[in-house]
Amino acid sequence: MKTKPHIPLVDETISINCSISKVFEFISDHENYIRWYPGVMAVTSTDDLPPGTVGKVYNEILRLPSGRRRSFDIQVVESREPGLFATEGTLAPIHPRMEVRLTAKSGNETALNLRFFSRNQSAIGRLLIGTLGPRTIRPQTQSALLKLKSILE
């Protein structure tokens with residue numbers, strides 16, 4: 001069966017007054033995610049691989065908009081220093097993919113592009129997630145990027 005393309009949920013960019021190497025170092029250690037993304041209650045490594053290593057797995061506890069808590073795994077699927085860091089999670093029905101792309105604008109300024117996708121393959125799931133997902137995730141992501149900027153600057 002052919003895999004359907006990912007559903008884009010959010011695509012936000014921010015400029016951070018910090019070197020690209022420092023931004024990548026912070027972002028690629030997913031345990032830092034709790035420090036800047038709203039709703040994340042805990043992130044713990046489940047293996048001994050170094051941060052930013054493809055294959056590294058984390059367990060994340062997320063508070064959903066409904067108030068419920070969900071525990072799921074996040075795996076690093078792409079990591080190319082200093083420009084790309086991507087993870088994929090087991091949180092159903094979204095099956096999230098997060099991509100962070102970094103571009104050096106100057107010695108101490110970095111453009112950070114954060115994109116979220118759903119990897120859901122069911123027709124009804126894709127319709128619901130594609131319609132409702134961005135409404136929830138976009139405000140969270142915008143808030144997260146401002147928090148990340150304040151931490152790194």
# chains A, B, ... in the order shown; residues from 1 in each chain; ligands from 1

$ residues_around --residues "Thr141 in chain A" --least-positions-apart "5" --cutoff "8 Å" --atoms "only C-alpha atoms" --output "number ranges by chain"
A: 10, 12, 37

$ select_by_dssp --residues "range 34-131 of chain A" --states "alpha helix (DSSP H)" --output "list in words"
Ile34, Arg35, Trp36, Ala123, Ile124, Gly125, Arg126, Leu127, Leu128, Ile129, Gly130 and Thr131 of chain A

$ closest_residue --among "A:Ile20, A:Leu102, A:Val76, A:Leu91" --to "Ile61 in chain A" --atoms "only C-alpha atoms"
A:Leu91

$ residues_around --residues "Leu49 in chain A" --least-positions-apart "6" --cutoff "12 Å" --atoms "only C-alpha atoms" --output "ChimeraX atom specification"
/A:29,55-58,75-76

$ write_last_selection --atoms "N, CA and C atoms" --output "mmCIF file, in the first residue's frame"
data_model
loop_
_atom_site.group_PDB
_atom_site.id
_atom_site.type_symbol
_atom_site.label_atom_id
_atom_site.label_comp_id
_atom_site.auth_asym_id
_atom_site.auth_seq_id
_atom_site.Cartn_x
_atom_site.Cartn_y
_atom_site.Cartn_z
ATOM 1 N N ASP A 29 18.920 18.394 21.689
ATOM 2 C CA ASP A 29 18.762 17.669 22.956
ATOM 3 C C ASP A 29 17.283 17.775 23.315
ATOM 4 N N GLY A 55 18.018 7.752 15.802
ATOM 5 C CA GLY A 55 17.683 6.524 16.511
ATOM 6 C C GLY A 55 17.438 6.735 17.995
ATOM 7 N N LYS A 56 17.895 7.849 18.546
ATOM 8 C CA LYS A 56 17.677 8.136 19.969
ATOM 9 C C LYS A 56 16.182 8.244 20.234
ATOM 10 N N VAL A 57 15.745 7.671 21.361
ATOM 11 C CA VAL A 57 14.327 7.667 21.719
ATOM 12 C C VAL A 57 14.132 8.358 23.065
ATOM 13 N N TYR A 58 13.070 9.139 23.118
ATOM 14 C CA TYR A 58 12.655 9.828 24.344
ATOM 15 C C TYR A 58 11.216 9.428 24.641
ATOM 16 N N GLN A 75 11.180 9.630 18.515
ATOM 17 C CA GLN A 75 12.476 9.141 18.018
ATOM 18 C C GLN A 75 13.100 10.176 17.088
ATOM 19 N N VAL A 76 14.403 10.368 17.248
ATOM 20 C CA VAL A 76 15.148 11.237 16.336
ATOM 21 C C VAL A 76 15.290 10.481 15.019
#

$ select_by_dssp --residues "chain A" --states "strand (DSSP E or B)" --output "ChimeraX atom specification"
/A:7-16,40-45,57-63,69-80,84-89,96-106,109-118

$ write_last_selection --atoms "C-alpha atoms" --output "tab-separated table (two decimals), in the first residue's frame"
chain	number	residue	atom	x	y	z
A	7	ILE	CA	-0.34	16.47	6.55
A	8	PRO	CA	1.20	19.91	7.20
A	9	LEU	CA	-0.02	21.39	10.49
A	10	VAL	CA	2.31	24.29	11.27
A	11	ASP	CA	5.10	26.15	9.51
A	12	GLU	CA	6.55	29.00	11.59
A	13	THR	CA	9.86	30.86	11.37
A	14	ILE	CA	11.60	33.07	13.90
A	15	SER	CA	14.94	34.87	14.05
A	16	ILE	CA	17.07	34.20	17.14
A	40	VAL	CA	5.01	19.26	27.61
A	41	MET	CA	5.13	17.91	31.15
A	42	ALA	CA	8.16	15.61	30.95
A	43	VAL	CA	10.74	14.37	28.46
A	44	THR	CA	13.14	11.62	29.39
A	45	SER	CA	15.70	9.71	27.38
A	57	VAL	CA	14.33	7.67	21.72
A	58	TYR	CA	12.66	9.83	24.34
A	59	ASN	CA	9.47	9.34	26.30
A	60	GLU	CA	7.31	12.46	26.39
A	61	ILE	CA	4.34	13.25	28.60
A	62	LEU	CA	2.04	15.81	27.03
A	63	ARG	CA	-0.96	17.62	28.46
A	69	ARG	CA	-2.13	13.49	29.83
A	70	ARG	CA	-0.63	11.20	27.23
A	71	SER	CA	2.68	9.38	27.33
A	72	PHE	CA	4.32	8.43	24.03
A	73	ASP	CA	7.70	7.88	22.43
A	74	ILE	CA	9.61	10.34	20.23
A	75	GLN	CA	12.48	9.14	18.02
A	76	VAL	CA	15.15	11.24	16.34
A	77	VAL	CA	14.81	10.41	12.64
A	78	GLU	CA	17.07	13.06	11.06
A	79	SER	CA	19.92	15.06	12.53
A	80	ARG	CA	22.33	16.98	10.34
A	84	LEU	CA	18.24	19.97	10.41
A	85	PHE	CA	16.74	18.12	13.35
A	86	ALA	CA	13.61	15.96	12.98
A	87	THR	CA	11.64	13.66	15.26
A	88	GLU	CA	8.66	11.37	14.85
A	89	GLY	CA	6.30	10.33	17.62
A	96	PRO	CA	3.56	13.71	14.76
A	97	ARG	CA	6.65	14.67	12.85
A	98	MET	CA	8.59	17.76	13.94
A	99	GLU	CA	11.19	19.33	11.67
A	100	VAL	CA	13.50	22.13	12.77
A	101	ARG	CA	15.53	23.78	10.02
A	102	LEU	CA	18.23	26.30	10.91
A	103	THR	CA	19.90	28.87	8.69
A	104	ALA	CA	22.75	31.15	9.76
A	105	LYS	CA	21.80	34.74	8.93
A	106	SER	CA	25.01	36.14	10.44
A	109	GLU	CA	21.73	35.36	14.21
A	110	THR	CA	19.87	32.21	13.23
A	111	ALA	CA	16.61	31.72	11.35
A	112	LEU	CA	14.70	28.81	12.88
A	113	ASN	CA	11.89	27.21	10.90
A	114	LEU	CA	9.67	24.84	12.88
A	115	ARG	CA	7.23	22.60	11.05
A	116	PHE	CA	4.83	20.00	12.39
A	117	PHE	CA	3.17	17.31	10.32
A	118	SER	CA	0.77	14.45	10.94

$ decode --residues "range 31-90 of chain A" --atoms "C-alpha atoms" --output "PDB file, in the first residue's frame"
ATOM      1  CA  GLU A  31      15.056  16.829  26.833  1.00  0.00           C
ATOM      2  CA  ASN A  32      15.138  20.648  26.510  1.00  0.00           C
ATOM      3  CA  TYR A  33      11.718  20.525  24.826  1.00  0.00           C
ATOM      4  CA  ILE A  34       9.988  20.740  28.211  1.00  0.00           C
ATOM      5  CA  ARG A  35      11.644  24.125  28.756  1.00  0.00           C
ATOM      6  CA  TRP A  36      10.043  25.795  25.767  1.00  0.00           C
ATOM      7  CA  TYR A  37       7.041  23.947  24.321  1.00  0.00           C
ATOM      8  CA  PRO A  38       3.658  24.481  26.070  1.00  0.00           C
ATOM      9  CA  GLY A  39       1.886  21.399  27.362  1.00  0.00           C
ATOM     10  CA  VAL A  40       5.012  19.258  27.610  1.00  0.00           C
ATOM     11  CA  MET A  41       5.134  17.909  31.153  1.00  0.00           C
ATOM     12  CA  ALA A  42       8.157  15.609  30.950  1.00  0.00           C
ATOM     13  CA  VAL A  43      10.740  14.374  28.462  1.00  0.00           C
ATOM     14  CA  THR A  44      13.143  11.615  29.394  1.00  0.00           C
ATOM     15  CA  SER A  45      15.695   9.712  27.384  1.00  0.00           C
ATOM     16  CA  THR A  46      15.041   5.971  27.128  1.00  0.00           C
ATOM     17  CA  ASP A  47      18.515   4.979  25.898  1.00  0.00           C
ATOM     18  CA  ASP A  48      22.197   5.858  26.190  1.00  0.00           C
ATOM     19  CA  LEU A  49      22.649   7.409  22.741  1.00  0.00           C
ATOM     20  CA  PRO A  50      23.955  10.992  22.785  1.00  0.00           C
ATOM     21  CA  PRO A  51      21.474  13.821  22.118  1.00  0.00           C
ATOM     22  CA  GLY A  52      20.977  14.554  18.438  1.00  0.00           C
ATOM     23  CA  THR A  53      21.779  10.994  17.342  1.00  0.00           C
ATOM     24  CA  VAL A  54      19.481   9.378  14.782  1.00  0.00           C
ATOM     25  CA  GLY A  55      17.683   6.524  16.511  1.00  0.00           C
ATOM     26  CA  LYS A  56      17.677   8.136  19.969  1.00  0.00           C
ATOM     27  CA  VAL A  57      14.327   7.667  21.719  1.00  0.00           C
ATOM     28  CA  TYR A  58      12.655   9.828  24.344  1.00  0.00           C
ATOM     29  CA  ASN A  59       9.466   9.337  26.303  1.00  0.00           C
ATOM     30  CA  GLU A  60       7.313  12.455  26.389  1.00  0.00           C
ATOM     31  CA  ILE A  61       4.338  13.251  28.597  1.00  0.00           C
ATOM     32  CA  LEU A  62       2.045  15.812  27.031  1.00  0.00           C
ATOM     33  CA  ARG A  63      -0.963  17.617  28.458  1.00  0.00           C
ATOM     34  CA  LEU A  64      -3.568  17.645  25.688  1.00  0.00           C
ATOM     35  CA  PRO A  65      -5.948  20.587  25.108  1.00  0.00           C
ATOM     36  CA  SER A  66      -8.649  18.429  26.786  1.00  0.00           C
ATOM     37  CA  GLY A  67      -6.529  18.377  29.965  1.00  0.00           C
ATOM     38  CA  ARG A  68      -5.738  14.674  29.680  1.00  0.00           C
ATOM     39  CA  ARG A  69      -2.133  13.492  29.826  1.00  0.00           C
ATOM     40  CA  ARG A  70      -0.629  11.198  27.229  1.00  0.00           C
ATOM     41  CA  SER A  71       2.683   9.378  27.326  1.00  0.00           C
ATOM     42  CA  PHE A  72       4.319   8.432  24.030  1.00  0.00           C
ATOM     43  CA  ASP A  73       7.704   7.882  22.429  1.00  0.00           C
ATOM     44  CA  ILE A  74       9.605  10.344  20.235  1.00  0.00           C
ATOM     45  CA  GLN A  75      12.476   9.141  18.018  1.00  0.00           C
ATOM     46  CA  VAL A  76      15.148  11.237  16.336  1.00  0.00           C
ATOM     47  CA  VAL A  77      14.809  10.411  12.637  1.00  0.00           C
ATOM     48  CA  GLU A  78      17.071  13.055  11.057  1.00  0.00           C
ATOM     49  CA  SER A  79      19.918  15.057  12.529  1.00  0.00           C
ATOM     50  CA  ARG A  80      22.331  16.984  10.342  1.00  0.00           C
ATOM     51  CA  GLU A  81      24.297  19.561  12.288  1.00  0.00           C
ATOM     52  CA  PRO A  82      23.870  22.473  12.117  1.00  0.00           C
ATOM     53  CA  GLY A  83      20.850  22.702   9.832  1.00  0.00           C
ATOM     54  CA  LEU A  84      18.236  19.970  10.415  1.00  0.00           C
ATOM     55  CA  PHE A  85      16.741  18.118  13.353  1.00  0.00           C
ATOM     56  CA  ALA A  86      13.612  15.960  12.979  1.00  0.00           C
ATOM     57  CA  THR A  87      11.639  13.661  15.260  1.00  0.00           C
ATOM     58  CA  GLU A  88       8.663  11.375  14.852  1.00  0.00           C
ATOM     59  CA  GLY A  89       6.298  10.332  17.621  1.00  0.00           C
ATOM     60  CA  THR A  90       3.886   7.524  18.369  1.00  0.00           C
TER      61      THR A  90
END
